[in-house]
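Written below as C-alpha cells is the structure these notes are about.
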Amino acid sequence: MTKVRKTGHIAPGGPDFVYVPFDVPEGVEELRFSYDYTGRPSAALDIAVFDTHGHDLGSGLGFRGSSGGGRSEFSISPGGATPGYVPGPIYPGEWHVSLGPYRLPAEGTSWTVTLVMESGVSRGAYELSPAPESLDPAPGWYRGDTHVHSVHSGDATYEPAAIAEDAAAQALDFVVSTEHNTVSNHGVWGRYASSRLLVINGEEVTTRSGHFNVIGVPAGHWTEYRYRPADGVLPSVIRRTHELGAVASANHPYQTCKGCAWEFDLRDVDAIEVWNGPWTPDDELALSLWDRELREGRALVALGGSDVHGRGGANVLGAPQTVVRASSLSRMGVVEGIRSGRAYIAGSPWISLELTAGEDGRVAEIGERLGAEAGDSVRIELRVEGVPGSLASLHTDRGQVYSVPVSRPDDRLSCRVRAGDARYVRAEVRRPHGAMVALTNPIWIGRTG
C-alpha cells in the first residue's frame, strides 16, 4: 500500500477547475481517493478523476468519474468502482483529480486530497451490463421520465433496482438515466431493465452556467461539462451529441440553485424542460420562456421530468412524465419522437391527451404540421382523459384562444382557428387553482417556406 497526500488553497476569482496530479506506478490494482476542505457550508468543492489519457477540455479521453460534492471518498479498480466512477484498468502514469469550486467564501478554501494505491487486491475484470436499446418494434405513444438520478449521481440515493420497481408502478415504458457529469450508470442498467422498461442512456451535463440533459447517447459516451457561455464550447458539444443520434434539453432554466439557471443560448439545444418535478413558479417562467421561443418561430420541444434523486422526497418518479409518439419502443424511436416534438407532458399515468388539427380531410397530430392555406378554417379537437374538474385551454402565437371546463373523465372539446391567424396551436390542462395537469407540444399550421 502506498499513500500520497496533497494540499492546496483555492481563492475566489480563480479558475473553475484545479487539477491535482498523482503519479501511479506499475502494478497498482486499486485507487482509493478521499478529500476534505475547509469553509463548509459556504464552500462546496466538486471532484472528478481523469486517468493517463488526459484531462484536456473536450477530449474526454481520460474521464474516470465524478461525484460532484456528494462523496468524500471513492475507489476505482478493474473489478469495480464506487457509483459515479468507471471501473477499468489502472494505467501507470500521471492521473489527475479535478477540484471544482462550486461555492467559495471570501477566505477561499483549503483542501486535502489523499490517494491510497493498493497492489495484490485483484478482483478480476468488471462485467459491463448495458441495457438493450430496443424492446418493442411497434409504433405508439410511450410514457417515460426524461430526468432520473440514481446513486451514480453523488447527490442521489435512488438504487437502480428501486427505479425499475417504481417505474412499473407508474406505468412507465422508458426512463432516461441522467446522472450528473458521469456515465458510470451506462454499464449497470442491463441488470435492472426488463422486457417492459426501456432504459435510455443520458447524462445531466452540470455546468457552472446551467444544466442540460443529453438523451439517447450510446453507452459509455461522456459529455464535457467544464465550460461557460463565453468559452464558445457548447455548440461543438451539441454537434457531437447530434452526430451520436442524441438530443439535448436545457433543464429547469429558472431554478435558483447556484449554477442551475440557464445562461447559454437556447438556439443551441433541441428542447427545454418546462416542467421539473412538482409544478412551481419556476416552471411557469420556463413555460413562458418556451412560449416566447415558439412565437418567434423556434420549434423548441417542451419536455417534463421528475428530476428524482431518491424515494421519499417531493420529487417522485414519473411525476411528471413525457409521453412520446415513437416509431418503436427503442432508443432511436424515442429520441426521434422527442426531436420532432411528438410529445406531451402529463402529471401522472392516469392522464392522457389527444390534440389534432384538421382541414379538408387532412389531420395533423402533436408535433406535426397541417399545411393549410391562409384563411382556411381549421378544426382543433382536444381529448382529455383522467382529470374531470380541470380547465382546458388552447394557445396560439397570439395567446390563449379558447378555454373550457373538463366535466367528464373522458371529455372531448373542439373549436376553430383560422390559418394565418395562428401559426401553431398547443393545449394546457390545469387544476382550478392553476397547477398544471398536462400540456402538449404544438401542432404547426400553414405551409412552410
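Order determines the names: the first chain of the C-alpha cells is A, the second B, and so forth; residues in each chain are numbered 1 upward, and ligands are numbered 1 upward as they are shown.
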Gly245 in chain A environment, 12 Å, only C-alpha atoms, sequence neighbours closer than 6 positions dropped, as a tab-separated table (two decimals) with N, CA and C atoms, in the first residue's frame:
```tsv
chain	number	residue	atom	x	y	z
A	201	ASN	N	-29.77	5.73	-22.19
A	201	ASN	CA	-28.58	6.36	-21.61
A	201	ASN	C	-28.61	7.87	-21.81
A	202	GLY	N	-28.28	8.58	-20.75
A	202	GLY	CA	-28.20	10.03	-20.82
A	202	GLY	C	-27.18	10.54	-19.83
A	214	VAL	N	-28.38	15.31	-22.05
A	214	VAL	CA	-28.22	14.65	-23.34
A	214	VAL	C	-28.99	13.34	-23.23
A	215	ILE	N	-29.86	13.08	-24.19
A	215	ILE	CA	-30.80	11.96	-24.14
A	215	ILE	C	-30.55	11.07	-25.34
A	216	GLY	N	-30.19	9.80	-25.06
A	216	GLY	CA	-30.02	8.84	-26.13
A	216	GLY	C	-28.60	8.70	-26.64
A	217	VAL	N	-27.60	9.01	-25.81
A	217	VAL	CA	-26.21	8.80	-26.22
A	217	VAL	C	-25.88	7.31	-26.15
A	218	PRO	N	-24.94	6.84	-26.97
A	218	PRO	CA	-24.50	5.45	-26.87
A	218	PRO	C	-23.89	5.18	-25.50
A	221	HIS	N	-20.62	6.99	-23.64
A	221	HIS	CA	-20.22	8.30	-24.17
A	221	HIS	C	-20.41	9.38	-23.10
A	238	ILE	N	-22.90	20.13	-28.70
A	238	ILE	CA	-24.22	19.74	-29.22
A	238	ILE	C	-24.09	19.10	-30.59
A	239	ARG	N	-23.19	19.59	-31.42
A	239	ARG	CA	-22.97	18.95	-32.72
A	239	ARG	C	-22.58	17.49	-32.55
A	331	ARG	N	-34.32	3.19	-28.21
A	331	ARG	CA	-33.57	4.43	-28.00
A	331	ARG	C	-33.79	5.39	-29.17
A	332	MET	N	-33.60	4.92	-30.38
A	332	MET	CA	-33.71	5.81	-31.53
A	332	MET	C	-35.16	6.21	-31.79
A	333	GLY	N	-36.12	5.32	-31.54
A	333	GLY	CA	-37.51	5.67	-31.74
A	333	GLY	C	-37.96	6.77	-30.81
A	334	VAL	N	-37.60	6.65	-29.52
A	334	VAL	CA	-37.98	7.68	-28.55
A	334	VAL	C	-37.25	8.98	-28.83
A	335	VAL	N	-35.95	8.92	-29.13
A	335	VAL	CA	-35.19	10.14	-29.39
A	335	VAL	C	-35.75	10.88	-30.60
A	336	GLU	N	-36.08	10.16	-31.65
A	336	GLU	CA	-36.62	10.81	-32.84
A	336	GLU	C	-37.99	11.41	-32.55
A	338	ILE	N	-38.95	12.63	-29.67
A	338	ILE	CA	-38.67	13.87	-28.94
A	338	ILE	C	-38.18	14.94	-29.89
A	339	ARG	N	-37.23	14.59	-30.74
A	339	ARG	CA	-36.64	15.57	-31.66
A	339	ARG	C	-37.70	16.26	-32.51
```
Set out as a Markdown table a contact list for range 195-279 of chain A and range 174-186 of chain A with a cut-off of 10 Å, giving each residue of range 195-279 of chain A that qualifies its closest atom pair and distance in Å to one decimal, counting only C-alpha atoms, ordered by chain and rising residue number.
```
| residue | atom | partner | partner_atom | distance |
| --- | --- | --- | --- | --- |
| A:Arg196 | CA | A:Phe174 | CA | 8.3 |
| A:Leu197 | CA | A:Phe174 | CA | 5.3 |
| A:Leu198 | CA | A:Phe174 | CA | 4.4 |
| A:Val199 | CA | A:Val175 | CA | 5.2 |
| A:Ile200 | CA | A:Val176 | CA | 4.7 |
| A:Asn201 | CA | A:Ser177 | CA | 5.5 |
| A:Gly202 | CA | A:Thr178 | CA | 4.7 |
| A:Glu203 | CA | A:Thr178 | CA | 4.0 |
| A:Glu204 | CA | A:His180 | CA | 4.8 |
| A:Val205 | CA | A:Asn181 | CA | 5.2 |
| A:Thr206 | CA | A:His180 | CA | 6.0 |
| A:Thr207 | CA | A:Asn181 | CA | 8.7 |
| A:His211 | CA | A:His180 | CA | 9.1 |
| A:Phe212 | CA | A:Thr178 | CA | 9.6 |
| A:Asn213 | CA | A:Thr178 | CA | 6.7 |
| A:Val214 | CA | A:Thr178 | CA | 7.8 |
| A:Ile215 | CA | A:Val176 | CA | 6.8 |
| A:Gly216 | CA | A:Val176 | CA | 7.9 |
| A:Val217 | CA | A:His186 | CA | 9.7 |
| A:Pro218 | CA | A:His186 | CA | 8.6 |
| A:Ala219 | CA | A:His186 | CA | 5.3 |
| A:Gly220 | CA | A:Val183 | CA | 5.9 |
| A:His221 | CA | A:Val183 | CA | 7.0 |
| A:Trp222 | CA | A:Val183 | CA | 6.0 |
| A:Thr223 | CA | A:Asn181 | CA | 7.3 |
| A:Glu224 | CA | A:Asn181 | CA | 7.7 |
| A:Tyr225 | CA | A:Asn181 | CA | 6.8 |
| A:Arg226 | CA | A:Asn181 | CA | 9.6 |
```
Original post:
Out of range 21-267 of chain A, which residues get strand (DSSP E) from DSSP, as an NGL selection string?
Top reply: :A and (21-24 or 30-37 or 44-50 or 63-68 or 73-77 or 80-81 or 93-103 or 109-118 or 134-136 or 140-148 or 174-180 or 198-207 or 210-215 or 247-250)
Set the distance at 10 Å and use only C-alpha atoms: which residues neighbour range 10-16 of chain A once local chain neighbours fewer than 4 positions away are removed? I'd like the list as a JSON list (two decimals) with N, CA and C atoms, in the first residue's frame.
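The resulting file, out.json, is reproduced below:
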```json
[["chain", "number", "residue", "atom", "x", "y", "z"],
["A", 37, "TYR", "N", -12.10, 19.65, 2.76],
["A", 37, "TYR", "CA", -11.79, 21.06, 2.54],
["A", 37, "TYR", "C", -12.45, 21.89, 3.62],
["A", 45, "LEU", "N", -16.96, 22.04, -2.96],
["A", 45, "LEU", "CA", -15.86, 21.69, -3.85],
["A", 45, "LEU", "C", -16.17, 20.35, -4.53],
["A", 98, "SER", "N", -9.65, 16.45, -10.43],
["A", 98, "SER", "CA", -10.18, 17.77, -10.76],
["A", 98, "SER", "C", -11.00, 18.27, -9.58],
["A", 99, "LEU", "N", -10.64, 19.42, -9.06],
["A", 99, "LEU", "CA", -11.39, 20.06, -7.98],
["A", 99, "LEU", "C", -12.11, 21.27, -8.56],
["A", 100, "GLY", "N", -13.43, 21.30, -8.40],
["A", 100, "GLY", "CA", -14.23, 22.38, -8.94],
["A", 100, "GLY", "C", -14.88, 23.20, -7.84],
["A", 101, "PRO", "N", -14.39, 24.39, -7.56],
["A", 101, "PRO", "CA", -15.00, 25.22, -6.51],
["A", 101, "PRO", "C", -16.37, 25.74, -6.95],
["A", 102, "TYR", "N", -17.41, 25.10, -6.42],
["A", 102, "TYR", "CA", -18.78, 25.45, -6.79],
["A", 102, "TYR", "C", -19.24, 26.69, -6.03],
["A", 103, "ARG", "N", -18.85, 26.76, -4.78],
["A", 103, "ARG", "CA", -19.09, 27.95, -3.94],
["A", 103, "ARG", "C", -17.83, 28.20, -3.13],
["A", 104, "LEU", "N", -17.53, 29.47, -2.90],
["A", 104, "LEU", "CA", -16.36, 29.81, -2.09],
["A", 104, "LEU", "C", -16.67, 30.97, -1.18],
["A", 105, "PRO", "N", -16.28, 30.89, 0.11],
["A", 105, "PRO", "CA", -16.38, 32.07, 0.98],
["A", 105, "PRO", "C", -15.27, 33.06, 0.64],
["A", 106, "ALA", "N", -15.32, 34.21, 1.24],
["A", 106, "ALA", "CA", -14.35, 35.26, 0.93],
["A", 106, "ALA", "C", -12.91, 34.81, 1.18],
["A", 107, "GLU", "N", -12.71, 33.95, 2.19],
["A", 107, "GLU", "CA", -11.36, 33.49, 2.51],
["A", 107, "GLU", "C", -10.91, 32.30, 1.66],
["A", 108, "GLY", "N", -11.79, 31.82, 0.78],
["A", 108, "GLY", "CA", -11.45, 30.66, -0.02],
["A", 108, "GLY", "C", -11.56, 29.36, 0.76],
["A", 109, "THR", "N", -10.94, 28.32, 0.26],
["A", 109, "THR", "CA", -10.97, 27.02, 0.94],
["A", 109, "THR", "C", -9.62, 26.34, 0.81],
["A", 110, "SER", "N", -9.22, 25.68, 1.88],
["A", 110, "SER", "CA", -8.00, 24.87, 1.85],
["A", 110, "SER", "C", -8.41, 23.40, 1.72],
["A", 111, "TRP", "N", -7.77, 22.69, 0.81],
["A", 111, "TRP", "CA", -8.18, 21.33, 0.50],
["A", 111, "TRP", "C", -7.06, 20.32, 0.74],
["A", 208, "ARG", "N", -21.35, 25.28, -14.85],
["A", 208, "ARG", "CA", -21.47, 26.40, -13.92],
["A", 208, "ARG", "C", -22.51, 27.42, -14.39],
["A", 226, "ARG", "N", -17.09, 21.22, -18.60],
["A", 226, "ARG", "CA", -16.20, 22.22, -17.97],
["A", 226, "ARG", "C", -16.06, 23.48, -18.84],
["A", 227, "TYR", "N", -17.15, 24.25, -18.94],
["A", 227, "TYR", "CA", -17.12, 25.47, -19.75],
["A", 227, "TYR", "C", -18.29, 26.37, -19.36],
["A", 228, "ARG", "N", -18.19, 27.60, -19.78],
["A", 228, "ARG", "CA", -19.24, 28.61, -19.62],
["A", 228, "ARG", "C", -19.60, 29.18, -21.00]]
```
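The shortest atom-to-atom distance to Thr356 in chain A, with only C-alpha atoms taken into account, belongs to A:Pro442 out of A:Pro442, A:Leu391, A:Pro281, A:Ala302.
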**OP:** Can you pull out every residue within 12 Å of Trp279 in chain A, counting only C-alpha atoms, but drop anything in the same chain fewer than 3 positions away, and send it as a VMD selection string?
**Re:** chain A and resid 252 273 to 276 282 to 287 304 to 306 314 to 315 319 to 320 345 to 347 430 to 431 433 to 438
Residues as selected, N, CA and C atoms, written as a PDB file, in the first residue's frame, can you do that?
```pdb
ATOM      1  N   HIS A 252     -34.582  22.881 -16.185  1.00  0.00           N
ATOM      2  CA  HIS A 252     -35.015  23.824 -15.136  1.00  0.00           C
ATOM      3  C   HIS A 252     -34.348  25.197 -15.264  1.00  0.00           C
ATOM      4  N   GLU A 273     -36.781  21.841 -20.685  1.00  0.00           N
ATOM      5  CA  GLU A 273     -37.578  21.224 -19.632  1.00  0.00           C
ATOM      6  C   GLU A 273     -38.468  22.299 -19.000  1.00  0.00           C
ATOM      7  N   VAL A 274     -39.736  22.301 -19.385  1.00  0.00           N
ATOM      8  CA  VAL A 274     -40.659  23.309 -18.873  1.00  0.00           C
ATOM      9  C   VAL A 274     -41.341  22.855 -17.583  1.00  0.00           C
ATOM     10  N   TRP A 275     -41.206  21.584 -17.237  1.00  0.00           N
ATOM     11  CA  TRP A 275     -41.877  21.051 -16.043  1.00  0.00           C
ATOM     12  C   TRP A 275     -40.893  20.123 -15.346  1.00  0.00           C
ATOM     13  N   ASN A 276     -40.430  20.542 -14.174  1.00  0.00           N
ATOM     14  CA  ASN A 276     -39.428  19.806 -13.406  1.00  0.00           C
ATOM     15  C   ASN A 276     -39.985  19.474 -12.034  1.00  0.00           C
ATOM     16  N   ASP A 282     -41.208  28.456 -10.801  1.00  0.00           N
ATOM     17  CA  ASP A 282     -40.090  28.304 -11.737  1.00  0.00           C
ATOM     18  C   ASP A 282     -40.559  27.707 -13.055  1.00  0.00           C
ATOM     19  N   ASP A 283     -41.482  26.740 -12.957  1.00  0.00           N
ATOM     20  CA  ASP A 283     -41.992  26.102 -14.168  1.00  0.00           C
ATOM     21  C   ASP A 283     -42.857  27.058 -14.982  1.00  0.00           C
ATOM     22  N   GLU A 284     -43.609  27.917 -14.307  1.00  0.00           N
ATOM     23  CA  GLU A 284     -44.387  28.933 -15.029  1.00  0.00           C
ATOM     24  C   GLU A 284     -43.460  29.822 -15.854  1.00  0.00           C
ATOM     25  N   LEU A 285     -42.330  30.195 -15.271  1.00  0.00           N
ATOM     26  CA  LEU A 285     -41.371  31.019 -16.001  1.00  0.00           C
ATOM     27  C   LEU A 285     -40.786  30.255 -17.180  1.00  0.00           C
ATOM     28  N   ALA A 286     -40.473  28.973 -16.959  1.00  0.00           N
ATOM     29  CA  ALA A 286     -39.937  28.161 -18.054  1.00  0.00           C
ATOM     30  C   ALA A 286     -40.964  28.011 -19.167  1.00  0.00           C
ATOM     31  N   LEU A 287     -42.234  27.846 -18.807  1.00  0.00           N
ATOM     32  CA  LEU A 287     -43.298  27.743 -19.796  1.00  0.00           C
ATOM     33  C   LEU A 287     -43.392  29.021 -20.621  1.00  0.00           C
ATOM     34  N   GLY A 304     -40.899  17.255 -19.898  1.00  0.00           N
ATOM     35  CA  GLY A 304     -41.098  17.255 -18.453  1.00  0.00           C
ATOM     36  C   GLY A 304     -40.396  16.061 -17.849  1.00  0.00           C
ATOM     37  N   GLY A 305     -39.825  16.241 -16.673  1.00  0.00           N
ATOM     38  CA  GLY A 305     -39.144  15.151 -15.984  1.00  0.00           C
ATOM     39  C   GLY A 305     -39.181  15.347 -14.494  1.00  0.00           C
ATOM     40  N   SER A 306     -39.079  14.256 -13.767  1.00  0.00           N
ATOM     41  CA  SER A 306     -39.228  14.337 -12.311  1.00  0.00           C
ATOM     42  C   SER A 306     -37.995  14.925 -11.626  1.00  0.00           C
ATOM     43  N   ALA A 314     -39.924  15.231  -2.336  1.00  0.00           N
ATOM     44  CA  ALA A 314     -41.022  15.897  -3.043  1.00  0.00           C
ATOM     45  C   ALA A 314     -41.081  15.470  -4.500  1.00  0.00           C
ATOM     46  N   ASN A 315     -39.934  15.134  -5.084  1.00  0.00           N
ATOM     47  CA  ASN A 315     -39.886  14.698  -6.478  1.00  0.00           C
ATOM     48  C   ASN A 315     -40.091  13.189  -6.543  1.00  0.00           C
ATOM     49  N   ALA A 319     -43.463  11.841 -12.260  1.00  0.00           N
ATOM     50  CA  ALA A 319     -44.303  12.992 -11.972  1.00  0.00           C
ATOM     51  C   ALA A 319     -43.481  14.270 -12.161  1.00  0.00           C
ATOM     52  N   PRO A 320     -43.550  14.865 -13.357  1.00  0.00           N
ATOM     53  CA  PRO A 320     -44.392  14.472 -14.486  1.00  0.00           C
ATOM     54  C   PRO A 320     -43.703  13.431 -15.364  1.00  0.00           C
ATOM     55  N   ILE A 345     -46.835  16.269 -22.064  1.00  0.00           N
ATOM     56  CA  ILE A 345     -46.402  16.065 -20.686  1.00  0.00           C
ATOM     57  C   ILE A 345     -47.630  15.874 -19.816  1.00  0.00           C
ATOM     58  N   ALA A 346     -47.612  14.848 -18.973  1.00  0.00           N
ATOM     59  CA  ALA A 346     -48.738  14.548 -18.080  1.00  0.00           C
ATOM     60  C   ALA A 346     -48.239  14.409 -16.653  1.00  0.00           C
ATOM     61  N   GLY A 347     -49.088  14.832 -15.716  1.00  0.00           N
ATOM     62  CA  GLY A 347     -48.692  14.797 -14.317  1.00  0.00           C
ATOM     63  C   GLY A 347     -48.734  13.426 -13.688  1.00  0.00           C
ATOM     64  N   ARG A 430     -55.198  22.496 -16.590  1.00  0.00           N
ATOM     65  CA  ARG A 430     -54.786  22.912 -15.251  1.00  0.00           C
ATOM     66  C   ARG A 430     -55.890  22.626 -14.228  1.00  0.00           C
ATOM     67  N   ARG A 431     -55.471  22.529 -12.978  1.00  0.00           N
ATOM     68  CA  ARG A 431     -56.415  22.485 -11.869  1.00  0.00           C
ATOM     69  C   ARG A 431     -57.055  23.859 -11.709  1.00  0.00           C
ATOM     70  N   HIS A 433     -57.026  25.850  -9.325  1.00  0.00           N
ATOM     71  CA  HIS A 433     -56.134  26.809  -8.653  1.00  0.00           C
ATOM     72  C   HIS A 433     -54.911  27.143  -9.499  1.00  0.00           C
ATOM     73  N   GLY A 434     -54.781  26.555 -10.687  1.00  0.00           N
ATOM     74  CA  GLY A 434     -53.735  26.949 -11.623  1.00  0.00           C
ATOM     75  C   GLY A 434     -52.607  25.958 -11.813  1.00  0.00           C
ATOM     76  N   ALA A 435     -52.491  24.928 -10.963  1.00  0.00           N
ATOM     77  CA  ALA A 435     -51.402  23.969 -11.121  1.00  0.00           C
ATOM     78  C   ALA A 435     -51.569  23.191 -12.417  1.00  0.00           C
ATOM     79  N   MET A 436     -50.474  22.960 -13.099  1.00  0.00           N
ATOM     80  CA  MET A 436     -50.511  22.265 -14.374  1.00  0.00           C
ATOM     81  C   MET A 436     -50.850  20.794 -14.168  1.00  0.00           C
ATOM     82  N   VAL A 437     -51.680  20.256 -15.058  1.00  0.00           N
ATOM     83  CA  VAL A 437     -52.038  18.842 -15.081  1.00  0.00           C
ATOM     84  C   VAL A 437     -51.412  18.158 -16.291  1.00  0.00           C
ATOM     85  N   ALA A 438     -51.449  18.831 -17.432  1.00  0.00           N
ATOM     86  CA  ALA A 438     -50.870  18.288 -18.664  1.00  0.00           C
ATOM     87  C   ALA A 438     -50.719  19.417 -19.670  1.00  0.00           C
TER      88      ALA A 438
END
```
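Of note, CA of Pro278 in chain A and CA of Asp307 in chain A are spaced 9.7 Å apart.
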Subject >> Members of range 109-197 of chain A assigned alpha helix (DSSP H) by DSSP, as an MDAnalysis selection string >> reply: chainID A and resid 160:169
May I have the residues from that selection written out with N, CA and C atoms, as an mmCIF file, in the first residue's frame?
```
data_model
loop_
_atom_site.group_PDB
_atom_site.id
_atom_site.type_symbol
_atom_site.label_atom_id
_atom_site.label_comp_id
_atom_site.auth_asym_id
_atom_site.auth_seq_id
_atom_site.Cartn_x
_atom_site.Cartn_y
_atom_site.Cartn_z
ATOM 1 N N PRO A 160 -30.789 1.651 -8.661
ATOM 2 C CA PRO A 160 -31.388 1.277 -9.943
ATOM 3 C C PRO A 160 -32.511 0.256 -9.821
ATOM 4 N N ALA A 161 -32.379 -0.710 -8.929
ATOM 5 C CA ALA A 161 -33.439 -1.712 -8.752
ATOM 6 C C ALA A 161 -34.731 -1.060 -8.288
ATOM 7 N N ALA A 162 -34.626 -0.048 -7.408
ATOM 8 C CA ALA A 162 -35.818 0.653 -6.925
ATOM 9 C C ALA A 162 -36.438 1.496 -8.037
ATOM 10 N N ILE A 163 -35.600 2.084 -8.895
ATOM 11 C CA ILE A 163 -36.129 2.850 -10.019
ATOM 12 C C ILE A 163 -36.932 1.940 -10.933
ATOM 13 N N ALA A 164 -36.390 0.764 -11.238
ATOM 14 C CA ALA A 164 -37.114 -0.175 -12.100
ATOM 15 C C ALA A 164 -38.434 -0.591 -11.468
ATOM 16 N N GLU A 165 -38.442 -0.811 -10.176
ATOM 17 C CA GLU A 165 -39.673 -1.195 -9.470
ATOM 18 C C GLU A 165 -40.701 -0.079 -9.503
ATOM 19 N N ASP A 166 -40.255 1.146 -9.228
ATOM 20 C CA ASP A 166 -41.180 2.281 -9.203
ATOM 21 C C ASP A 166 -41.659 2.653 -10.606
ATOM 22 N N ALA A 167 -40.831 2.430 -11.611
ATOM 23 C CA ALA A 167 -41.251 2.703 -12.988
ATOM 24 C C ALA A 167 -42.427 1.824 -13.377
ATOM 25 N N ALA A 168 -42.406 0.578 -12.929
ATOM 26 C CA ALA A 168 -43.529 -0.314 -13.216
ATOM 27 C C ALA A 168 -44.798 0.187 -12.541
ATOM 28 N N ALA A 169 -44.678 0.669 -11.297
ATOM 29 C CA ALA A 169 -45.844 1.177 -10.571
ATOM 30 C C ALA A 169 -46.418 2.422 -11.224
#
```
**OP:** Excluding range 84-97 of chain A and any residue of its chain fewer than 5 positions from it, enumerate the residues within 7 Å of it, using only C-alpha atoms, and give them as a PyMOL selection string.
**Re:** chain A and resi 19-26+28-29+47-52+64-67+76-79+126+152-154+182+184
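Checking A:Val417, A:Val404, A:Val188, A:Glu359 one by one against Ala131 in chain A, counting only C-alpha atoms, you find the shortest gap at A:Val188.
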Original post:
Contacts of Leu294 in chain A at 10 Å or less, counting only C-alpha atoms, minus same-chain residues fewer than 2 places along, as a ChimeraX atom specification?
Top reply: /A:288-292,296-301,396-397,423-424,441-442
